[in-house]
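> Got a structure for you, written out below as structure tokens; questions coming shortly.
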Amino acid sequence: LEKYVAQRAHVAIPFNNYITGSCAFTHKAGVHSKAVMQNPAAYEVLDPADFGVERRIELAHRLTGWNAMKQRCQDLGVEISDDQLKVATVMIKDLSDERTIGLEELDKILISLCSKSEPETAFITWGGGSESSNDAHEHRAEFYRRKTLSAIESLDNPEEDDSPFATYCFSGHLFDKAILNRILDLAVDSPVSFKVLKLDVPNDNSKESRAIIKVIGEINDIEMLRQKYENLLLTLTGVADTEMEEIDRSES
């Protein structure tokens, strides 16, 4: 009902709105997420199920903890050792500082790690004995780093995808009135998937920022999202002007 009223009134629902906002019942920080997974009442005074809303544990960002990754592995039905998962979590967190990692991409990384063999626990040195405990630990850690790097690099060579898509360029003062957050919230709440291809933020606040976002999905869903973007920018006219330009589209 709220979404319908907001759409008819050309008003975006704030991302931090109680219960209905896109960030309601969403948990990110590692310790926070672990506590919620063990006992939701530790951080939630309301049960999201009472409102027909799902609890979300955000993954693949700077605050992700390895316990959340372990829970995702269980959801996928894949088994990865704790040591491998801890190494992978650190590398995925570092990657999230450079680019957006979607849930589908994260799942591909985890599934790829599950499919790769484990290293030997020790190897023979020239002296004929086993390596030291520290050397064995470093050998295993390096193996895990290489496995994770290989899985991450495979994301840069995706299979050809013929799904319809549209690419939009937003320019203006995107951080006034949390415009960029509202743009992303609309994408999150829609059936499409999306990627932030580029984000230019100048050091001078008087200069305009620019974001390029690619949305992938059914043609009707893409068109509906485009209309929501236009309605949002219309409500911001004279308040925090932002321009939207469609720079690429494919309906195949």
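Labeling convention for the structure tokens: chains A, B, ... as they appear, residues from 1 per chain, ligands from 1 in order of appearance.
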Could you pull out the residues in segment 157-193 of chain A that DSSP calls helix (DSSP H, G or I) from the backbone, as JSON, numbers by chain?
{"A": [176, 177, 178, 179, 180, 181, 182, 183, 184, 185, 186, 187, 188, 189]}
> Would you please give, as a list in words, all residues of segment 145-197 of chain A that DSSP assigns to strand (DSSP E or B) based on the backbone?
Phe165, Ala166, Thr167, Tyr168, Cys169, Phe170, Ser171, Gly172, Ser193, Phe194, Lys195, Val196 and Leu197 of chain A
> Could you please take those selected residues and save N, CA and C atoms as a compact mmCIF listing (two decimals), in the first residue's frame?

# COMPACT_ATOMS: atom_id res chain seq x y z
N PHE A 165 18.81 -5.06 -21.21
CA PHE A 165 19.42 -4.18 -20.22
C PHE A 165 19.30 -2.73 -20.68
N ALA A 166 19.51 -1.83 -19.75
CA ALA A 166 19.60 -0.40 -20.05
C ALA A 166 20.66 0.19 -19.14
N THR A 167 21.41 1.15 -19.67
CA THR A 167 22.45 1.80 -18.89
C THR A 167 22.13 3.29 -18.78
N TYR A 168 22.11 3.79 -17.56
CA TYR A 168 21.75 5.18 -17.31
C TYR A 168 22.92 5.93 -16.69
N CYS A 169 23.05 7.18 -17.09
CA CYS A 169 24.06 8.06 -16.50
C CYS A 169 23.33 9.15 -15.73
N PHE A 170 23.59 9.23 -14.43
CA PHE A 170 23.01 10.27 -13.57
C PHE A 170 24.11 11.29 -13.26
N SER A 171 23.82 12.55 -13.46
CA SER A 171 24.80 13.59 -13.17
C SER A 171 24.14 14.72 -12.40
N GLY A 172 24.88 15.30 -11.51
CA GLY A 172 24.38 16.39 -10.67
C GLY A 172 25.00 16.29 -9.30
N SER A 193 18.11 -6.71 -11.79
CA SER A 193 19.41 -6.69 -11.14
C SER A 193 20.16 -5.48 -11.68
N PHE A 194 21.16 -5.01 -10.96
CA PHE A 194 21.85 -3.80 -11.41
C PHE A 194 23.32 -3.82 -10.99
N LYS A 195 24.10 -3.03 -11.70
CA LYS A 195 25.52 -2.85 -11.37
C LYS A 195 25.86 -1.38 -11.47
N VAL A 196 26.63 -0.89 -10.52
CA VAL A 196 27.17 0.47 -10.61
C VAL A 196 28.47 0.37 -11.39
N LEU A 197 28.45 0.80 -12.65
CA LEU A 197 29.62 0.65 -13.51
C LEU A 197 30.68 1.70 -13.22
> I'd like the contact shell of Pro202 of chain A - 12 Å cut-off, only C-alpha atoms, skipping same-chain residues fewer than 3 positions apart - returned as a ChimeraX atom specification.
/A:171-175,199,205-211
> Hey, can you spit out that residue selection with N, CA, C and O atoms as a PDB file, in the first residue's frame?

ATOM      1  N   SER A 171      23.815  12.546 -13.455  1.00  0.00           N
ATOM      2  CA  SER A 171      24.800  13.591 -13.174  1.00  0.00           C
ATOM      3  C   SER A 171      24.145  14.722 -12.400  1.00  0.00           C
ATOM      4  O   SER A 171      22.964  15.037 -12.618  1.00  0.00           O
ATOM      5  N   GLY A 172      24.881  15.302 -11.505  1.00  0.00           N
ATOM      6  CA  GLY A 172      24.376  16.392 -10.671  1.00  0.00           C
ATOM      7  C   GLY A 172      25.000  16.290  -9.297  1.00  0.00           C
ATOM      8  O   GLY A 172      26.028  15.641  -9.101  1.00  0.00           O
ATOM      9  N   HIS A 173      24.379  16.929  -8.339  1.00  0.00           N
ATOM     10  CA  HIS A 173      24.869  16.850  -6.957  1.00  0.00           C
ATOM     11  C   HIS A 173      24.199  15.652  -6.292  1.00  0.00           C
ATOM     12  O   HIS A 173      23.223  15.786  -5.552  1.00  0.00           O
ATOM     13  N   LEU A 174      24.738  14.457  -6.569  1.00  0.00           N
ATOM     14  CA  LEU A 174      24.084  13.207  -6.211  1.00  0.00           C
ATOM     15  C   LEU A 174      24.017  12.946  -4.714  1.00  0.00           C
ATOM     16  O   LEU A 174      23.263  12.070  -4.272  1.00  0.00           O
ATOM     17  N   PHE A 175      24.797  13.681  -3.932  1.00  0.00           N
ATOM     18  CA  PHE A 175      24.794  13.432  -2.498  1.00  0.00           C
ATOM     19  C   PHE A 175      23.941  14.436  -1.742  1.00  0.00           C
ATOM     20  O   PHE A 175      23.797  14.348  -0.528  1.00  0.00           O
ATOM     21  N   LEU A 199      31.449   5.518 -10.751  1.00  0.00           N
ATOM     22  CA  LEU A 199      31.019   6.580  -9.839  1.00  0.00           C
ATOM     23  C   LEU A 199      32.141   7.598  -9.734  1.00  0.00           C
ATOM     24  O   LEU A 199      33.228   7.288  -9.245  1.00  0.00           O
ATOM     25  N   ASN A 205      32.987  20.084  -3.617  1.00  0.00           N
ATOM     26  CA  ASN A 205      31.547  19.854  -3.475  1.00  0.00           C
ATOM     27  C   ASN A 205      30.708  20.685  -4.439  1.00  0.00           C
ATOM     28  O   ASN A 205      29.539  20.375  -4.682  1.00  0.00           O
ATOM     29  N   SER A 206      31.295  21.742  -4.973  1.00  0.00           N
ATOM     30  CA  SER A 206      30.536  22.594  -5.890  1.00  0.00           C
ATOM     31  C   SER A 206      30.407  21.965  -7.275  1.00  0.00           C
ATOM     32  O   SER A 206      29.583  22.395  -8.083  1.00  0.00           O
ATOM     33  N   LYS A 207      31.233  20.944  -7.544  1.00  0.00           N
ATOM     34  CA  LYS A 207      31.195  20.282  -8.846  1.00  0.00           C
ATOM     35  C   LYS A 207      30.239  19.100  -8.817  1.00  0.00           C
ATOM     36  O   LYS A 207      29.916  18.553  -7.761  1.00  0.00           O
ATOM     37  N   GLU A 208      29.776  18.713  -9.994  1.00  0.00           N
ATOM     38  CA  GLU A 208      28.796  17.639 -10.087  1.00  0.00           C
ATOM     39  C   GLU A 208      29.444  16.259  -9.994  1.00  0.00           C
ATOM     40  O   GLU A 208      30.580  16.055 -10.416  1.00  0.00           O
ATOM     41  N   SER A 209      28.687  15.333  -9.439  1.00  0.00           N
ATOM     42  CA  SER A 209      29.091  13.926  -9.405  1.00  0.00           C
ATOM     43  C   SER A 209      28.405  13.206 -10.561  1.00  0.00           C
ATOM     44  O   SER A 209      27.455  13.713 -11.161  1.00  0.00           O
ATOM     45  N   ARG A 210      28.892  12.013 -10.850  1.00  0.00           N
ATOM     46  CA  ARG A 210      28.312  11.247 -11.954  1.00  0.00           C
ATOM     47  C   ARG A 210      28.308   9.763 -11.609  1.00  0.00           C
ATOM     48  O   ARG A 210      29.292   9.242 -11.076  1.00  0.00           O
ATOM     49  N   ALA A 211      27.188   9.102 -11.875  1.00  0.00           N
ATOM     50  CA  ALA A 211      27.071   7.660 -11.629  1.00  0.00           C
ATOM     51  C   ALA A 211      26.495   6.995 -12.869  1.00  0.00           C
ATOM     52  O   ALA A 211      25.537   7.494 -13.462  1.00  0.00           O
TER      53      ALA A 211
END
> From the set A:Ile179, A:Cys114, A:Ile152, A:Val78, which residue has the shortest atom-to-atom contact distance to Lys93 of chain A, counting only C-alpha atoms?
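Looking at the shortest contact to Lys93 of chain A, the residue is A:Ile152.
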